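Engineer: Got a structure for you, questions after.
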Amino acid sequence: MFPAQQHNTEFMKGFAAHYLYQGTGQVLKNHVLFMAPDGVVLSMKPLSDETASTIYLNGILLPAFRLSDDVPAVEDALDWLLECQTFHAEWNVFDCLNHVPSMPSLQCGCCQSVWCLEQLDLSALRLTGQTRLFEVCP
């Protein structure tokens, strides 16, 4: 039941963003993350054509991560990222994400929660006072 092709792709959703952080330090620019309704990652493809089932987000897609043994909490995660950037002023958002303890990786065929960082400075890849983090797909 692992292969993504076993899922009904008729109901899949695509989430496109400026960046897709895969959780392994790899960053894909202008990609679409396709997910099944049950949260299984089906594929990650370059954004080339408009797809009816694609939601365009202004920011960075990333795997949900835990800072403790608790359920991933977006408020704690955003606070941690802001503190990281404050403490390491020369780091960009990807440097901070690369230092998240136990950062999961986005993998095709796996059920994963996905978050989006938006309202950040995309040219400098820096968080701002208006940056927000929210769940895209459970």
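Residue numbering restarts at 1 for every chain of the structure tokens, chains are lettered A, B, ... in their displayed order, and ligands are numbered from 1 as they appear.
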Apply DSSP to the structure's backbone, then extract all residues of stretch 40-90 of chain A labelled strand (DSSP E or B) and return them as a PyMOL selection string.
Structural biologist: chain A and resi 40-46+54-56+59-63
Engineer: How would the residues just chosen look if you wrote them out with N, CA and C atoms as a PDB file, in the first residue's frame?
Structural biologist:
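Saved file part-v5.pdb follows:
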ATOM      1  N   VAL A  40      -1.430  11.702   2.204  1.00  0.00           N
ATOM      2  CA  VAL A  40      -0.274  11.016   1.627  1.00  0.00           C
ATOM      3  C   VAL A  40       0.313  11.875   0.517  1.00  0.00           C
ATOM      4  N   VAL A  41       1.633  12.079   0.577  1.00  0.00           N
ATOM      5  CA  VAL A  41       2.329  12.823  -0.465  1.00  0.00           C
ATOM      6  C   VAL A  41       2.392  11.946  -1.714  1.00  0.00           C
ATOM      7  N   LEU A  42       1.818  12.441  -2.809  1.00  0.00           N
ATOM      8  CA  LEU A  42       1.804  11.680  -4.058  1.00  0.00           C
ATOM      9  C   LEU A  42       2.996  12.009  -4.940  1.00  0.00           C
ATOM     10  N   SER A  43       3.305  13.306  -5.063  1.00  0.00           N
ATOM     11  CA  SER A  43       4.449  13.697  -5.892  1.00  0.00           C
ATOM     12  C   SER A  43       4.815  15.147  -5.636  1.00  0.00           C
ATOM     13  N   MET A  44       6.007  15.512  -6.093  1.00  0.00           N
ATOM     14  CA  MET A  44       6.508  16.886  -6.065  1.00  0.00           C
ATOM     15  C   MET A  44       7.019  17.168  -7.468  1.00  0.00           C
ATOM     16  N   LYS A  45       6.429  18.163  -8.113  1.00  0.00           N
ATOM     17  CA  LYS A  45       6.777  18.435  -9.514  1.00  0.00           C
ATOM     18  C   LYS A  45       7.005  19.924  -9.714  1.00  0.00           C
ATOM     19  N   PRO A  46       7.853  20.271 -10.687  1.00  0.00           N
ATOM     20  CA  PRO A  46       8.040  21.693 -11.010  1.00  0.00           C
ATOM     21  C   PRO A  46       6.717  22.324 -11.438  1.00  0.00           C
ATOM     22  N   THR A  54      -4.876  22.898  -7.970  1.00  0.00           N
ATOM     23  CA  THR A  54      -3.709  23.473  -7.298  1.00  0.00           C
ATOM     24  C   THR A  54      -4.061  24.770  -6.574  1.00  0.00           C
ATOM     25  N   ILE A  55      -3.633  24.848  -5.331  1.00  0.00           N
ATOM     26  CA  ILE A  55      -3.790  26.047  -4.512  1.00  0.00           C
ATOM     27  C   ILE A  55      -2.421  26.725  -4.461  1.00  0.00           C
ATOM     28  N   TYR A  56      -2.373  27.983  -4.842  1.00  0.00           N
ATOM     29  CA  TYR A  56      -1.113  28.720  -4.877  1.00  0.00           C
ATOM     30  C   TYR A  56      -0.923  29.488  -3.563  1.00  0.00           C
ATOM     31  N   GLY A  59       4.746  31.687  -0.288  1.00  0.00           N
ATOM     32  CA  GLY A  59       5.712  31.431   0.768  1.00  0.00           C
ATOM     33  C   GLY A  59       6.469  30.139   0.587  1.00  0.00           C
ATOM     34  N   ILE A  60       6.605  29.413   1.707  1.00  0.00           N
ATOM     35  CA  ILE A  60       7.405  28.190   1.746  1.00  0.00           C
ATOM     36  C   ILE A  60       6.568  27.058   2.316  1.00  0.00           C
ATOM     37  N   LEU A  61       6.464  25.971   1.571  1.00  0.00           N
ATOM     38  CA  LEU A  61       5.837  24.747   2.085  1.00  0.00           C
ATOM     39  C   LEU A  61       6.904  23.924   2.784  1.00  0.00           C
ATOM     40  N   LEU A  62       6.545  23.302   3.892  1.00  0.00           N
ATOM     41  CA  LEU A  62       7.500  22.508   4.659  1.00  0.00           C
ATOM     42  C   LEU A  62       6.773  21.434   5.450  1.00  0.00           C
ATOM     43  N   PRO A  63       7.492  20.369   5.829  1.00  0.00           N
ATOM     44  CA  PRO A  63       6.852  19.351   6.657  1.00  0.00           C
ATOM     45  C   PRO A  63       6.619  19.890   8.066  1.00  0.00           C
TER      46      PRO A  63
END
Engineer: For A:Glu83, work out the shell of residues within 12 Å, counting only C-alpha atoms and skipping chain neighbours fewer than 5 positions away, then give it as a ChimeraX atom specification.
Structural biologist: /A:76-78,88-89,91,93,96-97,100,127-129
Engineer: Measure the distance from atom CA of A:Trp115 to atom CA of A:Phe11 in Å and round it to one decimal.
Structural biologist: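 About the pair atom CA of A:Trp115 and atom CA of A:Phe11: they are 20.0 Å apart.
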Engineer: Assign secondary structure with DSSP using the backbone only, and return the residues of chain A in helix (DSSP H, G or I) as a VMD selection string.
Structural biologist: chain A and resid 4 to 6 9 to 11 74 to 87 93 to 98
Engineer: For the residues in the current selection, export C-alpha atoms as an mmCIF file, in the first residue's frame.
Structural biologist:
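The resulting file, selection16.cif, is reproduced below:
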data_model
loop_
_atom_site.group_PDB
_atom_site.id
_atom_site.type_symbol
_atom_site.label_atom_id
_atom_site.label_comp_id
_atom_site.auth_asym_id
_atom_site.auth_seq_id
_atom_site.Cartn_x
_atom_site.Cartn_y
_atom_site.Cartn_z
ATOM 1 C CA ALA A 4 1.424 6.571 -4.491
ATOM 2 C CA GLN A 5 -0.290 5.228 -7.621
ATOM 3 C CA GLN A 6 -2.626 3.178 -5.395
ATOM 4 C CA THR A 9 -5.683 10.834 -7.930
ATOM 5 C CA GLU A 10 -9.076 12.195 -8.971
ATOM 6 C CA PHE A 11 -9.391 13.861 -5.552
ATOM 7 C CA VAL A 74 2.537 25.893 14.680
ATOM 8 C CA GLU A 75 2.708 28.606 17.347
ATOM 9 C CA ASP A 76 5.703 26.980 19.066
ATOM 10 C CA ALA A 77 7.380 26.321 15.729
ATOM 11 C CA LEU A 78 7.025 29.912 14.530
ATOM 12 C CA ASP A 79 8.323 31.240 17.868
ATOM 13 C CA TRP A 80 11.315 28.884 17.597
ATOM 14 C CA LEU A 81 12.082 30.012 14.040
ATOM 15 C CA LEU A 82 11.832 33.700 14.991
ATOM 16 C CA GLU A 83 14.147 33.146 17.973
ATOM 17 C CA CYS A 84 16.573 31.243 15.771
ATOM 18 C CA GLN A 85 16.704 34.071 13.255
ATOM 19 C CA THR A 86 17.142 36.641 16.039
ATOM 20 C CA PHE A 87 19.972 34.668 17.653
ATOM 21 C CA VAL A 93 14.936 30.910 7.063
ATOM 22 C CA PHE A 94 16.398 27.782 5.430
ATOM 23 C CA ASP A 95 19.432 27.912 7.740
ATOM 24 C CA CYS A 96 17.037 27.949 10.694
ATOM 25 C CA LEU A 97 14.945 25.106 9.242
ATOM 26 C CA ASN A 98 18.128 23.068 8.732
#
Engineer: Just the number, please: distance in Å from atom CA of A:Arg132 to atom CA of A:Ser48, one decimal.
Structural biologist: 26.7 Å
Engineer: As a VMD selection string, please: the residues near A:Asn92 (cut-off 8 Å, only C-alpha atoms, same-chain neighbours under 5 positions excluded).
Structural biologist: chain A and resid 85 124 to 126
Engineer: Ranking A:Lys29, A:Phe34, A:His99, A:Leu133 by minimum distance to A:Cys111 and counting only C-alpha atoms, which one comes first?
Structural biologist: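 Under the stated criterion, the closest residue is A:Phe34.
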